[in-house]
>>> print(open('run06.txt').read())   # compact mmCIF, C-alpha atoms
# COMPACT_ATOMS: atom_id res chain seq x y z
CA MET M 1 119.75 104.94 106.16
CA SER M 2 120.58 108.58 105.34
CA THR M 3 118.07 111.37 105.97
CA PHE M 4 117.66 111.85 102.22
CA THR M 5 116.96 108.16 101.61
CA THR M 6 114.59 108.04 104.59
CA ALA M 7 112.67 111.04 103.28
CA ALA M 8 112.51 109.62 99.74
CA ALA M 9 111.33 106.22 100.92
CA THR M 10 108.76 107.73 103.29
CA MET M 11 107.45 110.07 100.59
CA GLN M 12 107.06 107.17 98.17
CA GLN M 13 105.25 104.94 100.66
CA LEU M 14 102.93 107.63 102.02
CA SER M 15 102.17 109.00 98.56
CA GLN M 16 101.25 105.58 97.22
CA ALA M 17 99.01 104.67 100.16
CA GLY M 18 97.45 108.14 100.26
CA MET M 19 96.70 108.26 96.55
CA GLU M 20 95.27 104.74 96.74
CA GLU M 21 92.78 106.05 99.30
CA ALA M 22 91.93 109.04 97.09
CA SER M 23 91.40 106.76 94.10
CA ARG M 24 88.63 104.89 95.94
CA HIS M 25 86.53 108.05 95.62
CA GLY M 26 87.43 108.77 92.02
CA LEU M 27 89.79 111.57 93.05
CA ARG M 28 93.15 112.40 91.51
CA VAL M 29 94.14 114.82 94.28
CA GLY M 30 95.14 113.56 97.72
CA ASP M 31 94.44 115.75 100.75
CA LEU M 32 95.22 115.72 104.46
CA GLU M 33 92.74 112.96 105.33
CA HIS M 34 94.31 110.66 102.74
CA LEU M 35 97.76 111.40 104.10
CA PHE M 36 96.55 110.61 107.61
CA ALA M 37 95.05 107.30 106.43
CA ALA M 38 98.43 106.46 104.88
CA LEU M 39 100.14 107.18 108.21
CA VAL M 40 97.78 104.81 110.03
CA LEU M 41 98.93 102.08 107.61
CA ASN M 42 102.62 102.98 107.86
CA ASP M 43 105.02 100.49 109.45
CA GLN M 44 107.24 103.15 111.03
CA LEU M 45 106.93 104.56 114.55
CA ALA M 46 104.13 106.94 113.53
CA GLY M 47 101.86 104.16 112.31
CA ARG M 48 102.54 102.00 115.36
CA ALA M 49 101.72 104.92 117.67
CA LEU M 50 98.43 105.64 115.89
CA ARG M 51 97.37 102.00 116.00
CA ALA M 52 98.39 101.81 119.68
CA ILE M 53 95.65 104.32 120.56
CA GLY M 54 93.07 102.28 118.67
CA LEU M 55 93.07 104.00 115.29
CA SER M 56 92.51 101.88 112.21
CA LEU M 57 92.08 102.40 108.48
CA GLU M 58 88.37 101.61 108.64
CA GLY M 59 87.98 103.97 111.59
CA VAL M 60 89.70 106.81 109.71
CA ARG M 61 87.57 106.15 106.63
CA ASP M 62 84.38 106.27 108.70
CA ALA M 63 85.45 109.41 110.59
CA THR M 64 86.36 111.13 107.30
CA HIS M 65 82.93 110.29 105.88
CA ARG M 66 81.17 111.69 108.96
CA MET M 67 83.37 114.80 108.98
CA ASN M 68 82.66 115.55 105.32
CA ALA M 69 78.95 114.95 105.81
CA ALA M 70 78.93 117.39 108.73
CA HIS M 71 80.71 120.02 106.61
CA LEU M 72 78.08 119.71 103.89
CA GLN M 73 75.29 119.87 106.44
CA ARG M 74 76.68 123.12 107.89
CA LEU M 75 76.75 124.53 104.36
CA ARG M 76 73.18 123.25 103.83
CA VAL M 77 74.33 121.34 100.80
CA THR M 78 72.33 118.25 99.93
CA THR M 79 74.08 115.73 97.73
CA MET M 80 74.19 112.02 97.15
CA THR M 81 77.53 110.65 98.34
CA ALA M 82 78.98 108.06 95.97
CA GLU M 83 79.99 104.77 97.53
CA PRO M 84 83.76 104.18 97.59
CA GLN M 85 85.02 101.85 94.89
CA ARG M 86 88.04 99.58 94.71
CA ILE M 87 91.53 101.07 94.63
CA VAL M 88 92.53 102.00 91.06
CA PHE M 89 95.66 104.07 91.71
CA GLN M 90 97.94 101.43 90.18
CA GLU M 91 95.88 101.48 86.97
CA THR M 92 95.56 105.24 86.50
CA ARG M 93 97.70 108.36 86.21
CA GLY M 94 97.70 112.06 87.04
CA TYR M 95 97.75 112.07 90.84
CA GLU M 96 99.04 114.90 93.01
CA TRP M 97 98.81 116.27 96.54
CA THR M 98 96.89 119.41 97.44
CA PRO M 99 99.13 122.40 98.23
CA ARG M 100 98.47 122.07 101.96
CA ALA M 101 99.33 118.37 101.94
CA MET M 102 102.53 119.15 100.04
CA ASP M 103 103.33 121.81 102.65
CA VAL M 104 103.10 119.15 105.35
CA LEU M 105 105.43 116.79 103.47
CA THR M 106 107.87 119.61 102.76
CA ALA M 107 107.87 120.69 106.41
CA ALA M 108 108.67 117.11 107.45
CA GLY M 109 111.84 117.20 105.36
CA GLY M 110 114.50 119.86 105.36
CA LYS M 111 116.12 120.01 108.77
CA ASN M 112 113.72 117.36 110.08
CA ALA M 113 114.14 113.60 109.78
CA GLY M 114 111.78 113.23 106.83
CA ASP M 115 110.37 110.02 108.32
CA ALA M 116 106.72 109.22 109.03
CA GLU M 117 106.95 110.63 112.56
CA ALA M 118 108.09 114.00 111.17
CA VAL M 119 105.20 113.92 108.68
CA LEU M 120 102.70 113.15 111.45
CA ARG M 121 104.02 115.92 113.70
CA ALA M 122 103.80 118.39 110.80
CA LEU M 123 100.28 117.21 110.07
CA LEU M 124 99.20 117.79 113.68
CA ILE M 125 100.10 121.49 113.46
CA GLU M 126 98.71 122.07 109.96
CA PRO M 127 96.77 125.35 110.29
CA SER M 128 93.55 124.60 108.36
CA GLY M 129 91.90 122.89 111.34
CA LEU M 130 90.95 119.81 109.32
CA MET M 131 93.12 117.49 111.39
CA ASN M 132 91.67 118.69 114.70
CA ASP M 133 88.19 118.10 113.26
CA LEU M 134 89.10 114.63 111.99
CA LEU M 135 90.74 113.64 115.28
CA ALA M 136 87.62 114.81 117.15
CA HIS M 137 85.51 112.49 114.99
CA LEU M 138 87.95 109.74 116.00
CA ASP M 139 87.41 110.59 119.70
CA THR M 140 91.03 111.60 120.16
CA SER M 141 93.22 114.70 119.94
CA ALA M 142 96.58 115.99 118.74
CA ASP M 143 97.90 115.85 122.30
CA ALA M 144 96.87 112.20 122.62
CA VAL M 145 98.71 111.41 119.39
CA ARG M 146 101.85 113.19 120.63
CA THR M 147 101.70 111.20 123.87
CA ALA M 148 101.40 107.99 121.85
CA LEU M 149 104.40 109.00 119.75
CA ALA M 150 106.50 109.53 122.88
CA ALA M 151 105.42 106.18 124.31
CA GLU M 152 106.20 104.34 121.08
CA ALA M 153 109.59 106.06 120.81
CA ALA M 154 110.50 104.57 124.20
CA GLN M 155 109.97 101.05 122.84
CA PRO M 156 112.84 98.99 121.32
CA THR M 157 113.50 99.93 117.69
CA PRO M 158 112.41 97.28 115.16
CA LEU M 159 115.17 95.58 113.20
CA SER M 160 114.52 97.21 109.82
CA ASN M 161 113.00 100.57 110.78
CA GLY M 162 112.80 101.61 107.15
CA THR M 163 116.16 100.40 105.83
CA LEU M 164 116.41 99.54 102.14
CA LYS M 165 118.99 96.77 102.54
CA SER M 166 118.16 93.16 103.29
CA PRO M 167 119.97 91.57 106.25
CA ASP M 168 122.52 89.84 103.98
CA LYS M 169 123.11 93.17 102.12
CA ARG M 170 122.68 91.41 98.74
CA GLY M 171 119.16 92.61 98.15
CA VAL M 172 116.47 94.99 99.31
CA LEU M 173 113.99 94.94 102.15
CA VAL M 174 110.48 96.34 102.56
CA GLU M 175 108.43 95.99 105.71
CA ILE M 176 104.75 96.98 105.76
CA PHE M 177 101.72 96.77 108.01
CA VAL M 178 98.73 94.94 106.54
CA PRO M 179 95.29 95.55 108.12
CA ALA M 180 94.28 91.90 108.07
CA PRO M 181 94.79 88.80 110.25
CA SER M 182 98.02 86.92 109.57
CA ALA M 183 96.02 83.79 108.66
CA ALA M 184 94.23 85.69 105.87
CA VAL M 185 97.52 87.03 104.51
CA TRP M 186 99.03 83.55 104.60
CA SER M 187 96.06 82.15 102.66
CA LEU M 188 96.64 84.77 99.98
CA LEU M 189 100.38 84.17 99.65
CA ALA M 190 100.37 80.38 99.92
CA ASP M 191 97.83 79.86 97.12
CA PRO M 192 99.62 79.93 93.72
CA ALA M 193 96.32 80.58 91.93
CA ARG M 194 96.07 83.90 93.80
CA LEU M 195 99.49 85.23 92.71
CA PRO M 196 97.88 87.63 90.18
CA GLU M 197 95.89 89.22 93.02
CA TRP M 198 99.00 90.78 94.55
CA HIS M 199 102.06 90.40 92.27
CA TYR M 200 102.03 93.19 89.69
CA LEU M 201 104.19 91.24 87.19
CA ILE M 202 101.87 88.22 87.10
CA GLY M 203 98.73 88.05 84.98
CA SER M 204 97.97 84.33 85.12
CA VAL M 205 99.36 81.11 86.57
CA GLU M 206 99.15 77.54 85.30
CA VAL M 207 98.39 75.55 88.44
CA ASP M 208 98.01 71.79 88.66
CA THR M 209 95.40 71.56 91.41
CA ALA M 210 96.31 67.91 92.01
CA ALA M 211 99.98 68.69 92.66
CA GLU M 212 101.22 69.03 96.21
CA ILE M 213 102.48 72.48 97.18
CA VAL M 214 105.97 71.68 98.44
CA PRO M 215 109.44 73.26 98.02
CA GLY M 216 110.75 72.67 94.50
CA VAL M 217 107.41 72.84 92.69
CA ILE M 218 107.47 75.17 89.66
CA TRP M 219 104.57 77.14 88.22
CA ALA M 220 104.44 78.58 84.71
CA VAL M 221 103.51 82.24 84.90
CA LEU M 222 102.43 84.73 82.22
CA ALA M 223 102.79 88.51 82.46
CA PRO M 224 99.60 90.62 82.41
CA THR M 225 98.29 91.36 78.91
CA HIS M 226 95.60 93.89 79.88
CA GLN M 227 94.83 96.31 82.68
CA PRO M 228 91.56 95.70 84.58
CA ASP M 229 89.98 98.47 82.46
CA GLY M 230 90.89 96.60 79.26
CA THR M 231 93.90 98.72 78.28
CA PRO M 232 96.55 96.50 76.61
CA VAL M 233 99.86 96.07 78.42
CA ARG M 234 102.96 96.07 76.24
CA VAL M 235 105.39 93.36 77.31
CA LYS M 236 108.51 92.26 75.44
CA GLU M 237 108.21 88.67 74.29
CA ARG M 238 111.20 87.51 76.32
CA PHE M 239 109.53 88.79 79.50
CA ARG M 240 106.06 87.44 78.74
CA ARG M 241 106.70 84.00 80.22
CA HIS M 242 108.50 83.21 83.44
CA GLN M 243 108.64 80.55 86.13
CA MET M 244 107.98 80.72 89.84
CA GLN M 245 109.72 78.04 91.88
CA LEU M 246 108.67 77.57 95.48
CA LEU M 247 111.76 77.52 97.70
CA VAL M 248 110.40 77.61 101.24
CA ILE M 249 106.94 77.22 102.71
CA GLU M 250 106.67 77.27 106.50
CA GLN M 251 103.06 77.72 107.52
CA PRO M 252 101.90 80.12 108.85
CA ASN M 253 104.60 82.75 108.56
CA ARG M 254 107.35 82.21 105.94
CA ILE M 255 107.36 81.59 102.21
CA SER M 256 109.81 82.28 99.38
CA TRP M 257 110.07 81.81 95.62
CA ARG M 258 112.61 82.11 92.82
CA SER M 259 111.46 83.81 89.62
CA SER M 260 113.28 83.30 86.30
CA TYR M 261 112.68 83.93 82.59
CA PRO M 262 113.15 80.79 80.45
CA ASP M 263 113.09 82.89 77.25
CA PHE M 264 115.80 85.21 78.58
CA PRO M 265 118.23 83.01 80.52
CA ARG M 266 120.78 85.81 80.91
CA ARG M 267 118.29 87.71 83.04
CA ARG M 268 119.15 87.26 86.72
CA ALA M 269 116.82 85.08 88.78
CA ILE M 270 115.04 86.91 91.59
CA GLU M 271 114.43 85.40 95.01
CA LEU M 272 111.46 86.82 96.90
CA SER M 273 111.00 85.93 100.57
CA ILE M 274 108.10 87.01 102.78
CA GLN M 275 107.69 86.65 106.52
CA ILE M 276 104.42 87.35 108.35
CA THR M 277 104.17 88.38 112.00
CA ALA M 278 100.91 89.00 113.84
CA VAL M 279 100.67 92.45 115.46
CA ALA M 280 97.89 94.58 116.94
CA GLY M 281 95.29 95.41 114.31
CA GLY M 282 96.71 93.13 111.61
CA CYS M 283 100.12 91.79 110.73
CA GLN M 284 103.60 92.90 109.74
CA VAL M 285 104.83 91.68 106.35
CA ARG M 286 108.59 91.66 105.86
CA ALA M 287 109.66 91.12 102.25
CA THR M 288 113.17 90.73 100.89
CA SER M 289 114.25 90.46 97.27
CA SER M 290 117.65 89.57 95.89
CA GLY M 291 119.04 88.48 92.54
CA THR M 292 121.90 86.41 91.20
CA PRO M 293 124.75 88.76 90.18
CA GLY M 294 125.43 89.19 86.46
CA PRO M 295 128.77 88.70 84.65
CA THR M 296 131.79 90.36 86.28
CA TRP M 297 132.32 92.91 83.49
CA LYS M 298 128.76 94.11 83.82
CA THR M 299 129.11 94.33 87.57
CA LEU M 300 132.19 96.51 87.17
CA LEU M 301 130.64 98.60 84.41
CA PHE M 302 127.52 99.46 86.36
CA SER M 303 129.02 99.66 89.84
CA PRO M 304 128.70 103.50 89.97
CA LEU M 305 124.93 103.05 89.54
CA HIS M 306 124.68 100.38 92.21
CA PRO M 307 122.90 102.63 94.77
CA LEU M 308 120.42 103.67 92.07
CA LYS M 309 119.90 100.05 91.03
CA ARG M 310 119.23 99.12 94.64
CA PHE M 311 116.66 101.90 94.92
CA LEU M 312 114.92 100.78 91.70
CA ASP M 313 114.82 97.21 93.04
CA TRP M 314 113.33 98.60 96.24
CA ILE M 315 110.65 100.45 94.24
CA SER M 316 109.76 97.18 92.51
CA LEU M 317 109.49 95.41 95.85
CA THR M 318 107.25 98.17 97.21
CA GLN M 319 104.88 97.50 94.30
CA ILE M 320 104.68 93.86 95.33
CA THR M 321 104.08 94.61 99.01
CA ALA M 322 101.56 97.31 98.10
CA GLY M 323 99.68 94.66 96.13
CA ILE M 324 99.50 92.47 99.24
CA SER M 325 98.14 95.38 101.26
CA ARG M 326 95.60 96.39 98.56
CA ALA M 327 94.16 92.88 98.59
CA PHE M 328 92.79 93.64 102.06
CA ARG M 329 91.69 97.23 101.51
>>> encode(input="run06.txt", output="structure tokens")
Amino acid sequence: MSTFTTAAATMQQLSQAGMEEASRHGLRVGDLEHLFAALVLNDQLAGRALRAIGLSLEGVRDATHRMNAAHLQRLRVTTMTAEPQRIVFQETRGYEWTPRAMDVLTAAGGKNAGDAEAVLRALLIEPSGLMNDLLAHLDTSADAVRTALAAEAAQPTPLSNGTLKSPDKRGVLVEIFVPAPSAAVWSLLADPARLPEWHYLIGSVEVDTAAEIVPGVIWAVLAPTHQPDGTPVRVKERFRRHQMQLLVIEQPNRISWRSSYPDFPRRRAIELSIQITAVAGGCQVRATSSGTPGPTWKTLLFSPLHPLKRFLDWISLTQITAGISRAFR
């Protein structure tokens, strides 16, 4: 993957995870601590290095709470701290990074790789002192993180390592870390009634509880009609109803479906495949998505936009994988 694509993909993933953390506190501005939490969740080298020294999302959340409480105590400010709520980033708008967080992301690009490791290294030298304070509350240091980065870099490179293309080059690939046991993730994905919990295009599923869940079974699915806050969702009639056919189910680590629109048969069917691998602190979820090619004339007509179309498909897949991750955060 090119440096530009790497930087764009990393920015999208870190921004989404970071803003999700900010949204738990009713904030619309993400700061350094939210960016650091996003790095702990990241599937690239940076995230693996942080988890290798024992850091976790819950640990970062707790350390951030204690750090902020200590700051208020030093200022002799007494206030009631609101309890974090569920993540609402995907339901709301108007998010942005603080200037200092944007400076970190900008520094990671340019002549640097633009990947999560570059973001982490830029974060470690951010001049405000917040990161040194946060790392101290985590009983670690910037030097310890740099040592972990070097150790992780010496390990064999994972197969995907951030690439957008699926192995067969027909579709797109997203690989994420989920802070939950692989058995819990499997239970979520293998239960058709729980599809709306993680798939952003699914609002409800008609499930025959007496039917056996085996390859070939088809579920009728309806698109969401309302956001959780009650706001109506506008969906074209031809996209309101679609079908999910189970293609593969290999407990406890592989499952795939084909999604199609019976009211819009010209729309390409999408195959979604997910593989789960247990790792330290949770599991790795590897998702691929590919579609049946359209008519030849359309393929030729839109071939100049093919890289853009692939990136848009990748964005859609990141929304699906982000939904899986949110279910455990």
>>> atom_distance(input="run06.txt", atom1="CA of Arg194 in chain M", atom2="CA of His25 in chain M")
26.0 Å
>>> closest_residue(input="run06.txt", among="M:Asp263, M:Glu96, M:Glu33, M:Glu250", to="Asp133 in chain M", atoms="all atoms listed in the file")
M:Glu33
>>> atom_distance(input="run06.txt", atom1="CA of Gly47 in chain M", atom2="CA of Pro196 in chain M")
27.9 Å
>>> closest_residue(input="run06.txt", among="M:Gly171, M:Pro181, M:Pro156, M:Pro265", to="Arg310 in chain M", atoms="all atoms listed in the file")
M:Gly171
>>> axis_aligned_box(input="run06.txt", around="range 14-22 of chain M", padding_each_side="8 Å", output="JSON")
{"center_x": 97.4, "center_y": 106.9, "center_z": 99.3, "size_x": 27.0, "size_y": 20.4, "size_z": 21.5}
>>> atom_distance(input="run06.txt", atom1="CA of Gln90 in chain M", atom2="CA of Met11 in chain M")
16.5 Å
>>> closest_residue(input="run06.txt", among="M:Pro215, M:Gly323, M:Pro84, M:Gly54", to="Leu195 in chain M", atoms="all atoms listed in the file")
M:Gly323
>>> closest_residue(input="run06.txt", among="M:Pro307, M:Pro228, M:Gly109, M:Gly282", to="Ser182 in chain M", atoms="all atoms listed in the file")
M:Gly282
>>> residues_around(input="run06.txt", residues="Glu21 in chain M", least_positions_apart="4", cutoff="12 Å", atoms="only C-alpha atoms", output="PyMOL selection string")
chain M and resi 14-17+25-41+57-58+60-61+64+84-90+95+326+329
>>> closest_residue(input="run06.txt", among="M:Asn42, M:Ser128, M:Ser290, M:Thr231", to="Val104 in chain M", atoms="only C-alpha atoms")
M:Ser128
>>> closest_residue(input="run06.txt", among="M:Val178, M:Ile249, M:Val235, M:Ile202", to="Ala190 in chain M", atoms="only C-alpha atoms")
M:Ile249
